[in-house]
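Undergrad: After the structure tokens below, expect a handful of questions from me.
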Amino acid sequence: MSSIDQEINQLASSIDNAKSQIERESKFVEQANKQFEANLLAFKHYFPDIYERFVSYQPTDKFNLFVNNNGSGNITDTKLNVPFYSEDPILQSQKQVDDAIALPEVCRVDQSVIEHLSNETNFVHVDLLKSIGVVYNKAKSELPPNNKLDDVIPSVIIFGVGLGYHLSYLNEQVKASYINIFEPNEDYFFGSLFCFDWANYLKRIDDQGSALYIGIGVPEEELYEELYRRAQYLGAFSISNSFFYQHYPSQEVNELIEKIKINFHQFFMGWGFFDDALMSIAHTLENTQKDINLLVQHDKLPTEIEKFPIFIVANGPSLDKDIEVIRAMKDEVVLVSCNSATTALLKQGIIPDFHVALERTKATADFLTAFITPEQRKKIGLITVNVMYPEVPELFGWCGVGFKGNEPGTSIYHIAEYIKTQKITTTVGYCNPLVGNTALSFFASKKFKEIYLFGVDNGYVDPNHHHSKASYYYNDKGSTIHNPLKMGNEMVVEGNFGKKVITDHFMYTGKEQMERLLESFKGTHLNCYNCSDGTKIEGALPLHSSDILLDQQPTTKQHVIQFIKQECYKPFDKSIDAKEYLDFDIFESICSSMVEILEQPMNSREQALENLLASLRFLYSFKQEARYAHLYLILEGECLYTSSILLSALYNFGTSEEALPYYSDALVLWIDFLKQAPTYYRERWNQLSDYSFDYSKPSVENIEN
């Protein structure tokens with residue numbers, strides 16, 4: 001064959017290929033447009049917000065949806081500028097699903113330590129967890145680890161939609177009660193509307209009774225917060241024992257998954273439990289009848305007040321290096337001391353203007369009377385929350401109280417308050433779990449704009465230097481006499497000034513709560529300066545204390561303090577009596593209904609999971625019922641902790657048949673508690689904390705921060 005004939009044949013072949021491609025594209029466009037319309041209608045029904053975003057969406061210039069030789073849709077990777085899929089994306093996606101299931105990435109929680117909790121406080125909560133922990137450890141010792149992915153699981157978290165080819169097949173292989181789908185790239189999701197049958201998928205998920213969340217356009221760095229907020233809204237059980245599925249390579253997603261693993265405990269931190277909840281009610285109802293003052297909100301403070309500098313001093317080890325700066329500037333600022341930091345300041349001859357306390361047990365009163373003299377306390381104002389042990393406000397010359405959110409005591413007072421006045425007092429957000437969180441939240445919520453943090457370390461560089469050496473933790477020789485309570489595994493994180501800092505889960509949660517608070521005030525001109533040599537706090541500007549330059553103020557410190565006491569607070573309305581809204585009978589009905597659900601027959605992990613989640617969903621239905629929200633809150637924390645252990649016992653070991661007897665034994669303990677809970681509530685709703693601590697004796701642990 002001559003070269004001319006070869007060229008003619010190649011040209012003919014190219015024309016045929018081009019013609020075939022045109023035909024494929026024409027057929028694809030026709031099918032894709034029909035699919036797009038059907039998908040939009042489905043989203044209009046199930047997710048109207050997504051429909052509104054994409055009904056007239058204009059993709060970016062990088063968007064390139066094209067057709068493979070087999071007629072399937074493909075898209076260009078916007079970062080690498082190469083095809084996202086192979087020539088057969090459906091087969092490729094199915095293989096990816098099979099490989100992921102064969103070696104599943106599952107975030108399971110090891111509950112081994114629960115059995116060995118100490119119970120110096122005699123809380124029924126601790127007794128319950130310990131008893132369930134015994135069963136969990138029995139299962140762990142007698143059964144092999146469960147490294148397989150069950151056909152029915154509590155939760156799946158899918159990172160990446162791409163064009164959606166993996167979604168239906170994944171759901172066919174593994175049914176999850178809670179499905180979370182994240183796609184940071186809006187262009188990819190837009191492309192999936194042409195290629196994937198979302199309409200059928202959404203209907204199938206709805207028919208099988210799973211809860212589905214789809215987060216589109218959430219940047220990788222914000223996915224953790226999005227997942228955290230969703231878990232807080234639905235309940236932490238919605239992400240328990242999560243199977244992580246990653247559809248396409250992403251360093252950001254890899255880091256996100258690792259972050260979720262490290263911080264998975266946060267999703268189950270209710271910062272409350274049954275005994276705590278009853279104390280919340282008892283303390284609140286007594287405090288609201290006392291001659292103390294309630295925090296009120298201002299839309300805006302006077303300019304000379306809002307820009308006056310606030311020094312918040314916590315008892316981290318870095319406080320020692322800043323004591324002299326604080327001493328030099330104490331007359332030019334409002335000095336706010338967090339719990340045991342007051343002992344460090346007083347030892348240096350510095351009297352704070354306000355002392356902040358959070359811990360609700362009687363041990364707080366023991367601490368204050370043991371280490372701060374009556375004469376000193378009379379010179380200091382107390383800032384605290386409504387759940388505080390009622391004797392504590394009486395120890396100070398002045399006391400201001402804010403309502404702590406997510407508390408049954410707060411909720412029941414709000415019911416009575418609204419019925420009487422048609423108004424509800426605002427709560428103070430993000431004030432847990434450390435006293436530094438409380439102090440920052442109070443002054444940020446009061447609309448102060450210049451806040452400086454000292455000793456807010458949320459960790460330490462030297463394990464032997466865990467607090468200020470001037471505080472009660474140490475003797476005059478600098479030796480530890482009161483070791484701090486450590487909660488959770490230790491980890492090393494980025495420091496405020498570059499060095500690495502040792503922290504634990506509890507303190508790290510305090511850091512993240514500060515970050516959430518500061519994020520909520522973004523755009524309000526709040527300036528928060530972190531002078532602490534501890535963990536880095538996003539949203540707070542690192543500033544060495546030696547670099548602080550205070551402006552000349554148009555008013556005095558005493559004027560600001562008087563403004564805070566007289567204008568930021570008002571006396572409690574003692575005519576509001578919340579006792580008539582305790583609702584003992586309704587609470588008993590809630591517990592009985594949960595027991596009835598949990599006692600339904602179960603012959604498999606699937607049935608056990610279905611019963612447990614049904615009981616939790618029943619309880620969570622009261623979360624949105626303002627009239628009975630306090631009853632939900634009484635059980636919420638207990639359910640968070642208990643369901644976490646129960647699900648771990650159900651899924652962490654052995655096969656379904658092997659694990660079920662152990663799970664059943666643990667479940668009986670939870671059911672027995674629910675049967676007794678109404679009696680506990682009736683008998684203990686007005687019992688104040690009786691947990692005391694003898695601070696005169698050196699200790700291994702204590703509750704102070």
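Note on naming: chains are A, B, ... as they come in the structure tokens, residues start from 1 per chain, ligands start from 1 in the order shown.
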From a DSSP calculation on the backbone, collect every residue of stretch 154-369 of chain A in helix (DSSP H, G or I) and output the set as a VMD selection string.
TA: chain A and resid 167 to 173 186 to 195 198 to 207 220 to 234 236 to 239 251 to 262 264 to 268 274 to 287 303 to 306 319 to 332 341 to 347 363 to 369
Undergrad: Applying 10 Å and only C-alpha atoms, which residues near A:Tyr213 remain after dropping the ones on its own chain fewer than 4 positions away? List them as a count of residues only.
TA: 9
Undergrad: Which of stretch 371-429 of chain A end up as strand (DSSP E or B) when DSSP is run on this backbone - answer as a list of chain:residue names?
TA: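 Selection result, strand (DSSP E or B) within stretch 371-429 of chain A: A:Gly381, A:Leu382, A:Ile383, A:Thr384, A:Val385, A:Trp398, A:Cys399, A:Gly400, A:Val401, A:Gly402, A:Phe403, A:Lys404, A:Thr427, A:Val428.
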Undergrad: Of the candidates A:Gln35, A:Ser168, A:Thr427, A:Thr421, which shows the shortest atom-to-atom distance to A:Ser93, using only C-alpha atoms?
TA: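 Ranking A:Gln35, A:Ser168, A:Thr427, A:Thr421 by distance to A:Ser93, first place goes to A:Ser168.
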Undergrad: Skip stretch 597-607 of chain A itself and residues of its chain fewer than 5 positions away, then list as an MDAnalysis selection string all residues within 9 Å of it, counting only C-alpha atoms.
TA: chainID A and resid 150:153 592 612 614:615 650:651 655:657 659:660 667:668 671
Undergrad: For those residues, write C-alpha atoms to a file as a short mmCIF file (atom, residue, chain, number, x, y, z; two decimals), in the first residue's frame.
TA:
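Writing done, so here's selection-v7.cif:
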```
data_model
loop_
_atom_site.label_atom_id
_atom_site.label_comp_id
_atom_site.auth_asym_id
_atom_site.auth_seq_id
_atom_site.Cartn_x
_atom_site.Cartn_y
_atom_site.Cartn_z
CA ASP A 150 -20.34 -5.28 58.48
CA ASP A 151 -23.12 -5.13 55.92
CA VAL A 152 -24.97 -2.69 58.20
CA ILE A 153 -22.95 -0.06 60.08
CA SER A 592 -40.23 4.04 79.84
CA LEU A 612 -30.39 1.57 69.97
CA ALA A 614 -34.42 4.31 67.56
CA SER A 615 -34.23 4.93 71.31
CA LEU A 650 -21.35 -4.20 69.49
CA TYR A 651 -18.90 -3.60 66.63
CA THR A 655 -18.79 -11.57 64.42
CA SER A 656 -22.37 -10.41 64.86
CA GLU A 657 -23.30 -13.74 66.45
CA ALA A 659 -20.65 -10.05 69.89
CA LEU A 660 -24.40 -10.01 70.54
CA LEU A 667 -27.53 -3.19 77.29
CA VAL A 668 -29.29 -4.65 80.33
CA ILE A 671 -31.95 -0.42 80.59
#
```
Undergrad: So which one's closest to A:Asp127, A:Gly400, A:Phe274, A:Ser192, A:Gly381? Using only C-alpha atoms, please.
TA: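 For A:Asp127, the nearest of the given residues is A:Phe274.
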Undergrad: Residues of stretch 285-318 of chain A within 12 Å of stretch 383-396 of chain A: nearest atom pair and distance (Å, one decimal) for each, counting only C-alpha atoms, sorted by chain and number, as CSV?
TA:
```
residue,atom,partner,partner_atom,distance
A:Leu285,CA,A:Asn386,CA,8.7
A:Glu286,CA,A:Pro390,CA,6.7
A:Asn287,CA,A:Pro390,CA,5.7
A:Thr288,CA,A:Asn386,CA,7.7
A:Gln289,CA,A:Pro390,CA,10.1
A:Lys290,CA,A:Pro390,CA,8.7
A:Asp291,CA,A:Glu394,CA,9.1
A:Ile292,CA,A:Pro393,CA,7.4
A:Asn293,CA,A:Ile383,CA,9.7
A:Leu294,CA,A:Asn386,CA,8.9
A:Leu295,CA,A:Val385,CA,9.5
```
Undergrad: Write out, as an mmCIF file, in the first residue's frame, the residues just selected, with C-alpha atoms.
TA:
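Produced file result_24.cif, reproduced below:
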```cif
data_model
loop_
_atom_site.group_PDB
_atom_site.id
_atom_site.type_symbol
_atom_site.label_atom_id
_atom_site.label_comp_id
_atom_site.auth_asym_id
_atom_site.auth_seq_id
_atom_site.Cartn_x
_atom_site.Cartn_y
_atom_site.Cartn_z
ATOM 1 C CA LEU A 285 -33.148 26.826 91.244
ATOM 2 C CA GLU A 286 -31.387 27.850 94.450
ATOM 3 C CA ASN A 287 -29.065 30.427 92.866
ATOM 4 C CA THR A 288 -31.901 32.205 91.088
ATOM 5 C CA GLN A 289 -33.501 32.916 94.462
ATOM 6 C CA LYS A 290 -30.375 34.568 95.849
ATOM 7 C CA ASP A 291 -29.272 38.222 95.942
ATOM 8 C CA ILE A 292 -26.858 37.849 93.041
ATOM 9 C CA ASN A 293 -26.787 39.435 89.615
ATOM 10 C CA LEU A 294 -27.663 38.122 86.163
ATOM 11 C CA LEU A 295 -25.679 38.916 83.011
#
```
Undergrad: Name the residues in contact with A:Val336 at a cut-off of 10 Å, using only C-alpha atoms, excluding same-chain residues fewer than 6 positions from it; report them as a count of residues only.
TA: 21
Undergrad: I want to know what sits within 7 Å of stretch 242-248 of chain A, based on only C-alpha atoms, with residues of the same chain fewer than 2 positions away left out; could you give that as a list in words?
TA: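 The residues satisfying every condition are Pro104, Glu105, Val106, Cys107, Pro154, Ser155, Val156, Ile157, Ile158, Phe159, Gly160, Val161, Ile239, Ser240 and Ser250 of chain A.
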Undergrad: Which is closest to A:Asn437 among A:Glu512, A:Glu636, A:Glu450, A:Asp504, if we use only C-alpha atoms?
TA: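 Answer, going by the shortest atom-to-atom distance: A:Glu512.
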